[in-house]
file protein_17.cif (mmCIF, C-alpha atoms)
data_start
loop_
_atom_site.group_PDB
_atom_site.id
_atom_site.type_symbol
_atom_site.label_atom_id
_atom_site.label_comp_id
_atom_site.auth_asym_id
_atom_site.auth_seq_id
_atom_site.Cartn_x
_atom_site.Cartn_y
_atom_site.Cartn_z
ATOM 1 C CA MET A 275 -165.845 57.355 -60.129
ATOM 2 C CA LYS A 276 -166.930 58.106 -63.683
ATOM 3 C CA LYS A 277 -163.340 58.956 -64.642
ATOM 4 C CA ILE A 278 -162.069 55.660 -63.176
ATOM 5 C CA SER A 279 -164.707 53.699 -65.116
ATOM 6 C CA MET A 280 -163.727 55.426 -68.352
ATOM 7 C CA LEU A 281 -160.063 54.629 -67.744
ATOM 8 C CA PHE A 282 -160.936 51.008 -66.979
ATOM 9 C CA PHE A 283 -162.896 50.550 -70.201
ATOM 10 C CA ALA A 284 -160.225 52.370 -72.191
ATOM 11 C CA ALA A 285 -157.572 50.027 -70.797
ATOM 12 C CA LEU A 286 -159.784 47.012 -71.476
ATOM 13 C CA PHE A 287 -160.344 48.173 -75.062
ATOM 14 C CA PHE A 288 -156.617 48.717 -75.553
ATOM 15 C CA PHE A 289 -155.828 45.239 -74.207
ATOM 16 C CA CYS A 290 -158.415 43.528 -76.383
ATOM 17 C CA SER A 291 -157.422 45.488 -79.464
ATOM 18 C CA GLY A 292 -153.790 44.592 -78.897
ATOM 19 C CA ALA A 293 -154.669 40.913 -78.682
ATOM 20 C CA GLN A 294 -156.714 41.093 -81.877
ATOM 21 C CA ASP A 295 -154.019 43.041 -83.711
ATOM 22 C CA LEU A 296 -151.239 40.548 -83.075
ATOM 23 C CA PRO A 297 -149.548 40.328 -86.501
ATOM 24 C CA PHE A 298 -149.569 37.023 -88.330
ATOM 25 C CA ARG A 299 -146.792 37.992 -90.716
ATOM 26 C CA MET A 300 -143.700 36.594 -89.024
ATOM 27 C CA GLU A 301 -141.489 39.499 -90.120
ATOM 28 C CA GLU A 302 -143.777 41.966 -88.349
ATOM 29 C CA LEU A 303 -143.649 40.273 -84.937
ATOM 30 C CA THR A 304 -141.458 41.580 -82.160
ATOM 31 C CA ALA A 305 -139.649 38.924 -80.125
ATOM 32 C CA PRO A 306 -142.133 39.175 -77.191
ATOM 33 C CA ASP A 307 -145.061 39.109 -79.631
ATOM 34 C CA PHE A 308 -143.561 36.085 -81.365
ATOM 35 C CA VAL A 309 -143.999 34.112 -78.142
ATOM 36 C CA LYS A 310 -147.668 35.125 -78.065
ATOM 37 C CA ALA A 311 -148.067 34.303 -81.735
ATOM 38 C CA VAL A 312 -146.766 30.757 -81.316
ATOM 39 C CA ASP A 313 -149.333 30.226 -78.573
ATOM 40 C CA LYS A 314 -152.191 31.911 -80.434
ATOM 41 C CA SER A 315 -151.488 29.883 -83.568
ATOM 42 C CA GLN A 316 -151.546 26.652 -81.549
ATOM 43 C CA LYS A 317 -147.916 26.180 -82.578
ATOM 44 C CA THR A 318 -148.851 26.218 -86.265
ATOM 45 C CA CYS A 319 -147.203 28.135 -89.075
ATOM 46 C CA ILE A 320 -147.250 28.351 -92.863
ATOM 47 C CA ILE A 321 -144.315 28.456 -95.264
ATOM 48 C CA PRO A 322 -145.522 29.925 -98.589
ATOM 49 C CA LEU A 323 -143.258 28.496 -101.323
ATOM 50 C CA GLY A 324 -142.570 30.194 -104.613
ATOM 51 C CA VAL A 325 -139.702 30.744 -107.018
ATOM 52 C CA PHE A 326 -138.213 33.266 -109.427
ATOM 53 C CA GLU A 327 -139.092 32.216 -112.975
ATOM 54 C CA LYS A 328 -140.594 33.509 -116.192
ATOM 55 C CA HIS A 329 -144.393 33.606 -116.315
ATOM 56 C CA GLY A 330 -145.052 34.290 -119.960
ATOM 57 C CA PRO A 331 -144.587 37.845 -121.238
ATOM 58 C CA GLN A 332 -147.297 39.294 -118.987
ATOM 59 C CA LEU A 333 -146.587 38.248 -115.387
ATOM 60 C CA PRO A 334 -143.684 39.027 -113.021
ATOM 61 C CA LEU A 335 -140.905 36.609 -112.119
ATOM 62 C CA GLY A 336 -142.237 36.389 -108.575
ATOM 63 C CA THR A 337 -145.789 35.340 -109.516
ATOM 64 C CA ASP A 338 -145.628 32.112 -107.487
ATOM 65 C CA LEU A 339 -144.288 34.044 -104.508
ATOM 66 C CA TYR A 340 -147.093 36.564 -104.770
ATOM 67 C CA MET A 341 -149.821 33.938 -104.982
ATOM 68 C CA SER A 342 -148.620 31.439 -102.362
ATOM 69 C CA ARG A 343 -148.356 34.282 -99.860
ATOM 70 C CA GLU A 344 -151.667 35.796 -100.974
ATOM 71 C CA TYR A 345 -153.481 32.554 -100.160
ATOM 72 C CA SER A 346 -151.630 32.279 -96.848
ATOM 73 C CA LEU A 347 -152.257 35.838 -95.696
ATOM 74 C CA ARG A 348 -155.937 35.789 -96.624
ATOM 75 C CA ALA A 349 -156.363 32.512 -94.766
ATOM 76 C CA ALA A 350 -154.486 33.796 -91.703
ATOM 77 C CA GLU A 351 -156.924 36.717 -91.502
ATOM 78 C CA GLN A 352 -159.706 34.189 -90.959
ATOM 79 C CA GLU A 353 -157.856 31.521 -88.948
ATOM 80 C CA TYR A 354 -154.842 32.791 -87.034
ATOM 81 C CA VAL A 355 -151.578 31.195 -88.067
ATOM 82 C CA VAL A 356 -148.054 32.594 -88.377
ATOM 83 C CA VAL A 357 -147.000 33.138 -91.990
ATOM 84 C CA PHE A 358 -143.304 32.840 -92.850
ATOM 85 C CA PRO A 359 -141.801 35.492 -95.182
ATOM 86 C CA TRP A 360 -141.512 34.953 -98.932
ATOM 87 C CA TYR A 361 -139.638 31.702 -99.545
ATOM 88 C CA TYR A 362 -138.057 31.204 -102.962
ATOM 89 C CA PHE A 363 -135.497 28.390 -102.535
ATOM 90 C CA SER A 364 -137.229 25.796 -104.665
ATOM 91 C CA GLN A 365 -136.951 23.625 -107.776
ATOM 92 C CA ILE A 366 -136.861 25.417 -111.128
ATOM 93 C CA ASN A 367 -134.213 23.702 -113.246
ATOM 94 C CA GLU A 368 -136.659 23.392 -116.153
ATOM 95 C CA ALA A 369 -136.560 27.183 -116.672
ATOM 96 C CA ARG A 370 -132.818 27.793 -116.478
ATOM 97 C CA HIS A 371 -132.828 28.842 -120.145
ATOM 98 C CA GLN A 372 -135.124 31.808 -119.411
ATOM 99 C CA PRO A 373 -133.975 35.231 -118.103
ATOM 100 C CA GLY A 374 -134.532 35.937 -114.417
ATOM 101 C CA THR A 375 -134.661 32.302 -113.303
ATOM 102 C CA ILE A 376 -132.916 31.693 -109.970
ATOM 103 C CA ALA A 377 -132.229 27.956 -109.943
ATOM 104 C CA TYR A 378 -130.452 26.832 -106.787
ATOM 105 C CA SER A 379 -128.821 23.416 -106.723
ATOM 106 C CA PRO A 380 -130.888 20.413 -105.565
ATOM 107 C CA GLU A 381 -128.646 20.087 -102.501
ATOM 108 C CA ILE A 382 -129.188 23.703 -101.467
ATOM 109 C CA ILE A 383 -132.966 23.730 -101.803
ATOM 110 C CA TRP A 384 -133.164 20.531 -99.760
ATOM 111 C CA LYS A 385 -130.882 21.742 -96.990
ATOM 112 C CA VAL A 386 -132.414 25.204 -96.716
ATOM 113 C CA LEU A 387 -135.946 23.846 -96.450
ATOM 114 C CA GLN A 388 -134.925 21.234 -93.891
ATOM 115 C CA GLU A 389 -133.034 23.755 -91.775
ATOM 116 C CA THR A 390 -135.960 26.179 -92.001
ATOM 117 C CA LEU A 391 -138.260 23.484 -90.619
ATOM 118 C CA ASN A 392 -135.733 22.664 -87.897
ATOM 119 C CA GLU A 393 -135.448 26.318 -86.880
ATOM 120 C CA LEU A 394 -139.196 26.866 -86.834
ATOM 121 C CA ASN A 395 -139.530 23.801 -84.617
ATOM 122 C CA ARG A 396 -136.723 25.031 -82.344
ATOM 123 C CA ASN A 397 -138.741 28.240 -81.981
ATOM 124 C CA GLY A 398 -141.838 26.421 -80.811
ATOM 125 C CA PHE A 399 -143.815 25.380 -83.887
ATOM 126 C CA GLU A 400 -144.950 21.772 -83.923
ATOM 127 C CA LYS A 401 -147.145 21.867 -87.033
ATOM 128 C CA ILE A 402 -145.810 23.344 -90.257
ATOM 129 C CA ILE A 403 -147.909 23.805 -93.394
ATOM 130 C CA ILE A 404 -146.377 24.235 -96.832
ATOM 131 C CA VAL A 405 -148.450 26.305 -99.252
ATOM 132 C CA ASN A 406 -146.826 25.766 -102.617
ATOM 133 C CA GLY A 407 -147.391 28.200 -105.476
ATOM 134 C CA HIS A 408 -145.045 26.544 -107.973
ATOM 135 C CA GLY A 409 -145.999 23.444 -109.957
ATOM 136 C CA GLY A 410 -142.357 22.564 -110.529
ATOM 137 C CA ASN A 411 -142.028 21.789 -106.817
ATOM 138 C CA SER A 412 -144.504 18.907 -106.849
ATOM 139 C CA ALA A 413 -142.082 16.013 -107.334
ATOM 140 C CA PHE A 414 -139.569 17.617 -104.972
ATOM 141 C CA LEU A 415 -142.144 18.105 -102.214
ATOM 142 C CA ASN A 416 -143.473 14.567 -102.563
ATOM 143 C CA TYR A 417 -140.011 13.126 -102.003
ATOM 144 C CA PHE A 418 -139.122 15.681 -99.336
ATOM 145 C CA GLY A 419 -142.274 14.766 -97.439
ATOM 146 C CA MET A 420 -141.452 11.059 -97.545
ATOM 147 C CA ALA A 421 -137.882 11.796 -96.474
ATOM 148 C CA GLN A 422 -139.196 13.323 -93.251
ATOM 149 C CA LEU A 423 -139.530 9.712 -92.091
ATOM 150 C CA SER A 424 -135.766 9.197 -92.358
ATOM 151 C CA GLU A 425 -135.233 10.277 -88.750
ATOM 152 C CA PRO A 426 -137.343 11.337 -85.748
ATOM 153 C CA ARG A 427 -138.882 14.808 -85.971
ATOM 154 C CA ASN A 428 -140.424 16.938 -83.242
ATOM 155 C CA TYR A 429 -142.872 18.501 -85.683
ATOM 156 C CA SER A 430 -145.407 17.365 -88.261
ATOM 157 C CA LEU A 431 -145.216 18.611 -91.844
ATOM 158 C CA TYR A 432 -148.373 19.134 -93.916
ATOM 159 C CA TRP A 433 -148.579 20.099 -97.590
ATOM 160 C CA PHE A 434 -151.685 22.011 -98.669
ATOM 161 C CA ARG A 435 -153.043 20.555 -101.905
ATOM 162 C CA PRO A 436 -156.331 22.227 -102.891
ATOM 163 C CA GLN A 437 -158.887 20.361 -104.937
ATOM 164 C CA ASP A 438 -160.530 21.531 -108.141
ATOM 165 C CA ASN A 439 -164.053 22.842 -107.772
ATOM 166 C CA PRO A 440 -165.765 22.364 -111.160
ATOM 167 C CA GLU A 441 -168.590 24.764 -110.281
ATOM 168 C CA VAL A 442 -166.209 27.586 -109.381
ATOM 169 C CA GLU A 443 -164.032 26.882 -112.407
ATOM 170 C CA LYS A 444 -167.071 27.008 -114.674
ATOM 171 C CA LYS A 445 -168.123 30.379 -113.259
ATOM 172 C CA ALA A 446 -164.578 31.685 -113.643
ATOM 173 C CA ALA A 447 -164.452 30.471 -117.251
ATOM 174 C CA GLU A 448 -167.696 32.326 -117.975
ATOM 175 C CA LEU A 449 -166.037 35.553 -116.817
ATOM 176 C CA SER A 450 -163.088 35.087 -119.157
ATOM 177 C CA GLN A 451 -162.296 33.212 -122.350
ATOM 178 C CA HIS A 452 -161.624 29.482 -122.482
ATOM 179 C CA ASP A 453 -157.910 28.688 -122.533
ATOM 180 C CA LYS A 454 -157.098 25.422 -124.325
ATOM 181 C CA TYR A 455 -154.005 24.777 -122.197
ATOM 182 C CA ASP A 456 -154.416 27.052 -119.148
ATOM 183 C CA GLN A 457 -151.271 25.883 -117.424
ATOM 184 C CA HIS A 458 -148.239 27.934 -116.437
ATOM 185 C CA ALA A 459 -149.063 31.684 -116.687
ATOM 186 C CA GLY A 460 -152.288 30.755 -118.415
ATOM 187 C CA ASN A 461 -155.757 32.216 -118.084
ATOM 188 C CA SER A 462 -156.402 31.134 -114.484
ATOM 189 C CA GLU A 463 -153.051 32.176 -113.046
ATOM 190 C CA THR A 464 -153.114 35.494 -114.895
ATOM 191 C CA SER A 465 -156.680 36.157 -113.701
ATOM 192 C CA MET A 466 -155.652 35.538 -110.096
ATOM 193 C CA MET A 467 -152.674 37.854 -110.388
ATOM 194 C CA ALA A 468 -154.925 40.478 -111.986
ATOM 195 C CA ALA A 469 -157.183 40.238 -108.943
ATOM 196 C CA ALA A 470 -154.487 40.167 -106.271
ATOM 197 C CA HIS A 471 -151.663 42.236 -107.795
ATOM 198 C CA PRO A 472 -152.923 44.239 -110.773
ATOM 199 C CA LYS A 473 -149.992 46.697 -110.777
ATOM 200 C CA VAL A 474 -147.539 43.989 -111.832
ATOM 201 C CA THR A 475 -149.904 42.147 -114.196
ATOM 202 C CA HIS A 476 -149.884 43.087 -117.891
ATOM 203 C CA ILE A 477 -152.685 41.191 -119.606
ATOM 204 C CA ASP A 478 -152.212 43.241 -122.776
ATOM 205 C CA ARG A 479 -148.805 41.569 -123.274
ATOM 206 C CA ALA A 480 -150.122 37.994 -123.070
ATOM 207 C CA GLY A 481 -150.276 37.572 -126.849
ATOM 208 C CA GLN A 482 -146.678 38.631 -127.448
ATOM 209 C CA GLN A 483 -145.483 35.026 -127.178
ATOM 210 C CA SER A 484 -147.023 31.628 -127.814
ATOM 211 C CA GLY A 485 -148.121 29.423 -124.946
ATOM 212 C CA ALA A 486 -149.119 26.511 -127.175
ATOM 213 C CA ASP A 487 -148.026 22.950 -126.433
ATOM 214 C CA LEU A 488 -145.429 21.941 -129.057
ATOM 215 C CA GLU A 489 -145.777 18.243 -128.135
ATOM 216 C CA ARG A 490 -142.202 17.481 -129.183
ATOM 217 C CA MET A 491 -142.145 14.193 -127.256
ATOM 218 C CA LYS A 492 -145.557 12.916 -128.375
ATOM 219 C CA ASN A 493 -144.075 9.979 -130.326
ATOM 220 C CA LEU A 494 -142.264 8.617 -127.253
ATOM 221 C CA LYS A 495 -144.598 6.188 -125.516
ATOM 222 C CA TYR A 496 -144.100 4.887 -121.963
ATOM 223 C CA VAL A 497 -141.392 7.493 -121.346
ATOM 224 C CA TYR A 498 -140.657 10.058 -118.677
ATOM 225 C CA SER A 499 -137.808 12.510 -119.171
ATOM 226 C CA GLY A 500 -136.874 15.589 -117.182
ATOM 227 C CA ILE A 501 -136.961 17.580 -120.424
ATOM 228 C CA TRP A 502 -140.719 17.004 -120.824
ATOM 229 C CA TRP A 503 -141.752 20.540 -119.900
ATOM 230 C CA TYR A 504 -139.235 22.158 -122.239
ATOM 231 C CA ALA A 505 -140.402 19.774 -124.954
ATOM 232 C CA SER A 506 -143.937 21.106 -124.612
ATOM 233 C CA PHE A 507 -143.547 24.733 -123.531
ATOM 234 C CA PRO A 508 -140.093 26.148 -124.390
ATOM 235 C CA ASN A 509 -141.378 29.700 -123.873
ATOM 236 C CA HIS A 510 -142.136 28.713 -120.272
ATOM 237 C CA TYR A 511 -145.703 29.782 -120.911
ATOM 238 C CA GLY A 512 -148.565 27.324 -121.129
ATOM 239 C CA GLY A 513 -151.795 28.906 -122.236
ATOM 240 C CA ASP A 514 -153.404 31.986 -123.744
ATOM 241 C CA ALA A 515 -154.080 34.572 -121.056
ATOM 242 C CA GLY A 516 -155.168 37.473 -123.230
ATOM 243 C CA LYS A 517 -158.746 37.339 -121.926
ATOM 244 C CA ALA A 518 -157.947 36.901 -118.226
ATOM 245 C CA THR A 519 -160.104 38.952 -115.832
ATOM 246 C CA PRO A 520 -159.700 39.916 -112.168
ATOM 247 C CA GLU A 521 -163.298 38.874 -111.519
ATOM 248 C CA ALA A 522 -162.498 35.309 -112.564
ATOM 249 C CA GLY A 523 -159.315 35.432 -110.524
ATOM 250 C CA GLU A 524 -161.124 36.517 -107.374
ATOM 251 C CA LEU A 525 -163.452 33.520 -107.606
ATOM 252 C CA LEU A 526 -160.501 31.140 -107.924
ATOM 253 C CA ILE A 527 -158.580 32.771 -105.066
ATOM 254 C CA ASP A 528 -161.597 32.694 -102.760
ATOM 255 C CA GLU A 529 -162.074 28.969 -103.347
ATOM 256 C CA THR A 530 -158.425 28.216 -102.628
ATOM 257 C CA VAL A 531 -158.438 30.329 -99.464
ATOM 258 C CA LYS A 532 -161.659 28.680 -98.295
ATOM 259 C CA GLN A 533 -160.007 25.270 -98.572
ATOM 260 C CA LEU A 534 -156.828 26.514 -96.887
ATOM 261 C CA VAL A 535 -158.753 27.909 -93.913
ATOM 262 C CA GLU A 536 -160.477 24.558 -93.504
ATOM 263 C CA MET A 537 -157.139 22.773 -93.708
ATOM 264 C CA ILE A 538 -155.539 25.032 -91.068
ATOM 265 C CA GLN A 539 -158.404 24.295 -88.704
ATOM 266 C CA GLN A 540 -158.019 20.574 -89.283
ATOM 267 C CA VAL A 541 -154.248 20.688 -88.819
ATOM 268 C CA LYS A 542 -154.562 22.586 -85.543
ATOM 269 C CA ALA A 543 -156.938 19.934 -84.213
ATOM 270 C CA ASP A 544 -155.025 16.995 -85.667
ATOM 271 C CA THR A 545 -153.652 14.376 -83.290
ATOM 272 C CA VAL A 546 -153.456 11.528 -85.814
ATOM 273 C CA VAL A 547 -150.299 12.546 -87.709
ATOM 274 C CA PRO A 548 -148.221 13.366 -84.587
ATOM 275 C CA GLU A 549 -149.284 10.119 -82.883
ATOM 276 C CA LEU A 550 -148.597 8.018 -85.978
ATOM 277 C CA GLN A 551 -145.190 9.623 -86.381
ATOM 278 C CA LYS A 552 -144.317 8.874 -82.775
ATOM 279 C CA GLN A 553 -145.355 5.246 -83.196
ATOM 280 C CA PHE A 554 -143.518 4.934 -86.502
ATOM 281 C CA PHE A 555 -140.241 6.336 -85.200
ATOM 282 C CA GLU A 556 -140.372 4.061 -82.153
ATOM 283 C CA GLU A 557 -140.939 1.005 -84.342
ATOM 284 C CA ALA A 558 -138.260 2.115 -86.821
ATOM 285 C CA GLU A 559 -135.682 2.032 -84.031
ATOM 286 C CA ASN A 560 -136.482 -1.637 -83.322
ATOM 287 C CA PRO A 561 -137.988 -3.148 -86.499
ATOM 288 C CA LEU A 562 -137.557 -6.720 -85.240
ATOM 289 C CA LYS A 563 -139.919 -5.885 -82.383
ATOM 290 C CA THR A 564 -142.600 -4.479 -84.670
ATOM 291 C CA LYS A 565 -145.748 -6.585 -84.407
ATOM 292 C CA GLN A 566 -146.154 -8.800 -87.464
#
call {"tool": "encode", "arguments": {"input": "protein_17.cif", "output": "structure tokens"}}
result
Amino acid sequence: MKKISMLFFAALFFFCSGAQDLPFRMEELTAPDFVKAVDKSQKTCIIPLGVFEKHGPQLPLGTDLYMSREYSLRAAEQEYVVVFPWYYFSQINEARHQPGTIAYSPEIIWKVLQETLNELNRNGFEKIIIVNGHGGNSAFLNYFGMAQLSEPRNYSLYWFRPQDNPEVEKKAAELSQHDKYDQHAGNSETSMMAAAHPKVTHIDRAGQQSGADLERMKNLKYVYSGIWWYASFPNHYGGDAGKATPEAGELLIDETVKQLVEMIQQVKADTVVPELQKQFFEEAENPLKTKQ
């Protein structure tokens, strides 16, 4: 009897452990486990977007890939969601003059992202979250998101956009040196990479190139031009990251992950976006019947 009880509890422990250990990295799931993962995630997944581009003289080309996935994986540990593998088909035309930049055509990045969403939906996901690590994707993602209304979709797309937390940023600044520009590959981004991926972060090289804003379009008022970034930061480096610290980076990462976890929970529970989409697509098919 004692032996049977021990076997029972051992089996129960094995079953529970197996359920808890279900991977959230999509590439680690077996096909049978993938079915369980879709259910456990409440049909929700994350696509972490990055790109291959220069990040000053001190950070690797894949910095945005590292960080978008870092946020996603840390969040998935707290709130189960399936995380898509590294995704680097995104907009980076502004850095084509720098070595290591992989700049796919606008048509390709659009089609690949759309087909990725379609395939994830075909495999059971109904809510897809984009976690973007690359600032150069902002305009693209805005338009891509609006274009989702061009035809009926069987999924809802959400873009995670964290908000600044002045208190956290102040504490992080106290742990490092103020960076006048602190933009691309600046103090904050370098601090976060130092915290998450120190082996590929070389803070000692940060001063080898200038990250100052050259302001070469400052006399052009009321103007937008696609060359604006190159006009300001031709080194594709905006800031002075020589005093970045992993301690400051950890604070910034934790705040972003905290917000992402909250967003995932909200998205899982959300019924507003799917219902509004359904109503919109029905009305779009018969606009003359839309109540005026």
call {"tool": "axis_aligned_box", "arguments": {"input": "protein_17.cif", "around": "stretch 408-422 of chain A", "padding_each_side": "4 Å", "output": "JSON"}}
result
{"center_x": -141.9, "center_y": 18.8, "center_z": -101.9, "size_x": 16.1, "size_y": 23.5, "size_z": 25.3}
call {"tool": "closest_residue", "arguments": {"input": "protein_17.cif", "among": "A:Asn392, A:Gln437, A:Gln483, A:Ser364", "to": "A:His329", "atoms": "all atoms listed in the file"}}
result
A:Gln483
call {"tool": "closest_atom_pairs", "arguments": {"input": "protein_17.cif", "of": "stretch 502-532 of chain A", "to": "stretch 369-378 of chain A", "cutoff": "12 Å", "atoms": "only C-alpha atoms", "output": "tab-separated table"}}
result
residue	atom	partner	partner_atom	distance
A:Trp502	CA	A:Ala369	CA	11.8
A:Trp503	CA	A:Ala369	CA	9.0
A:Tyr504	CA	A:Ala369	CA	8.0
A:Ala505	CA	A:Ala369	CA	11.8
A:Phe507	CA	A:Ala369	CA	10.1
A:Pro508	CA	A:Ala369	CA	8.6
A:Asn509	CA	A:Gln372	CA	8.0
A:His510	CA	A:Ala369	CA	6.8
A:Tyr511	CA	A:Ala369	CA	10.4
call {"tool": "resolve_selection", "arguments": {"input": "protein_17.cif", "expression": "the PyMOL selection byres ((chain A and resi 484) around 12)", "output": "list in words"}}
result
His329, Gly330, Pro331, Gln332, Tyr455, Ala459, Gly460, Arg479, Ala480, Gly481, Gln482, Gln483, Gly485, Ala486, Asp487, Leu488, Ser506, Phe507, Pro508, Asn509, His510, Tyr511, Gly512, Gly513, Asp514, Ala515 and Gly516 of chain A
call {"tool": "resolve_selection", "arguments": {"input": "protein_17.cif", "expression": "the PyMOL selection byres ((chain A and resi 343) around 9)", "output": "ChimeraX atom specification"}}
result
/A:321-324,338-342,344-348,357-360,405,407
call {"tool": "residues_around", "arguments": {"input": "protein_17.cif", "residues": "A:Lys517", "least_positions_apart": "3", "cutoff": "8 Å", "atoms": "all atoms listed in the file", "output": "VMD selection string"}}
result
chain A and resid 450 to 451 461 477 514
call {"tool": "atom_distance", "arguments": {"input": "protein_17.cif", "atom1": "atom CA of A:Gln388", "atom2": "atom CA of A:Gln422"}}
result
9.0 Å
call {"tool": "resolve_selection", "arguments": {"input": "protein_17.cif", "expression": "the PyMOL selection byres ((chain A and resi 441-447) around 9)", "output": "PyMOL selection string"}}
result
chain A and resi 438-440+448-453+461-462+519+521-526+529
call {"tool": "residues_near_point", "arguments": {"input": "protein_17.cif", "point": "(-151.3, 15.3, -80.9)", "cutoff": "12 Å", "atoms": "only C-alpha atoms", "output": "short mmCIF file (atom, residue, chain, number, x, y, z; two decimals) with C-alpha atoms, in the frame of the given file"}}
result
data_model
loop_
_atom_site.label_atom_id
_atom_site.label_comp_id
_atom_site.auth_asym_id
_atom_site.auth_seq_id
_atom_site.Cartn_x
_atom_site.Cartn_y
_atom_site.Cartn_z
CA GLN A 316 -151.55 26.65 -81.55
CA LYS A 317 -147.92 26.18 -82.58
CA GLU A 400 -144.95 21.77 -83.92
CA LYS A 401 -147.15 21.87 -87.03
CA ASN A 428 -140.42 16.94 -83.24
CA TYR A 429 -142.87 18.50 -85.68
CA SER A 430 -145.41 17.36 -88.26
CA GLN A 540 -158.02 20.57 -89.28
CA VAL A 541 -154.25 20.69 -88.82
CA LYS A 542 -154.56 22.59 -85.54
CA ALA A 543 -156.94 19.93 -84.21
CA ASP A 544 -155.02 17.00 -85.67
CA THR A 545 -153.65 14.38 -83.29
CA VAL A 546 -153.46 11.53 -85.81
CA VAL A 547 -150.30 12.55 -87.71
CA PRO A 548 -148.22 13.37 -84.59
CA GLU A 549 -149.28 10.12 -82.88
CA LEU A 550 -148.60 8.02 -85.98
CA GLN A 551 -145.19 9.62 -86.38
CA LYS A 552 -144.32 8.87 -82.78
CA GLN A 553 -145.35 5.25 -83.20
#
call {"tool": "atom_distance", "arguments": {"input": "protein_17.cif", "atom1": "atom CA of A:Phe399", "atom2": "atom CA of A:Lys314"}}
result
11.2 Å
call {"tool": "residues_around", "arguments": {"input": "protein_17.cif", "residues": "A:His471", "least_positions_apart": "3", "cutoff": "10 Å", "atoms": "only C-alpha atoms", "output": "ChimeraX atom specification"}}
result
/A:333,337,340-341,344,464-468,474-475,520
call {"tool": "write_last_selection", "arguments": {"input": "protein_17.cif", "atoms": "C-alpha atoms", "output": "short mmCIF file (atom, residue, chain, number, x, y, z; two decimals), in the frame of the given file"}}
result
data_model
loop_
_atom_site.label_atom_id
_atom_site.label_comp_id
_atom_site.auth_asym_id
_atom_site.auth_seq_id
_atom_site.Cartn_x
_atom_site.Cartn_y
_atom_site.Cartn_z
CA LEU A 333 -146.59 38.25 -115.39
CA THR A 337 -145.79 35.34 -109.52
CA TYR A 340 -147.09 36.56 -104.77
CA MET A 341 -149.82 33.94 -104.98
CA GLU A 344 -151.67 35.80 -100.97
CA THR A 464 -153.11 35.49 -114.90
CA SER A 465 -156.68 36.16 -113.70
CA MET A 466 -155.65 35.54 -110.10
CA MET A 467 -152.67 37.85 -110.39
CA ALA A 468 -154.93 40.48 -111.99
CA VAL A 474 -147.54 43.99 -111.83
CA THR A 475 -149.90 42.15 -114.20
CA PRO A 520 -159.70 39.92 -112.17
#
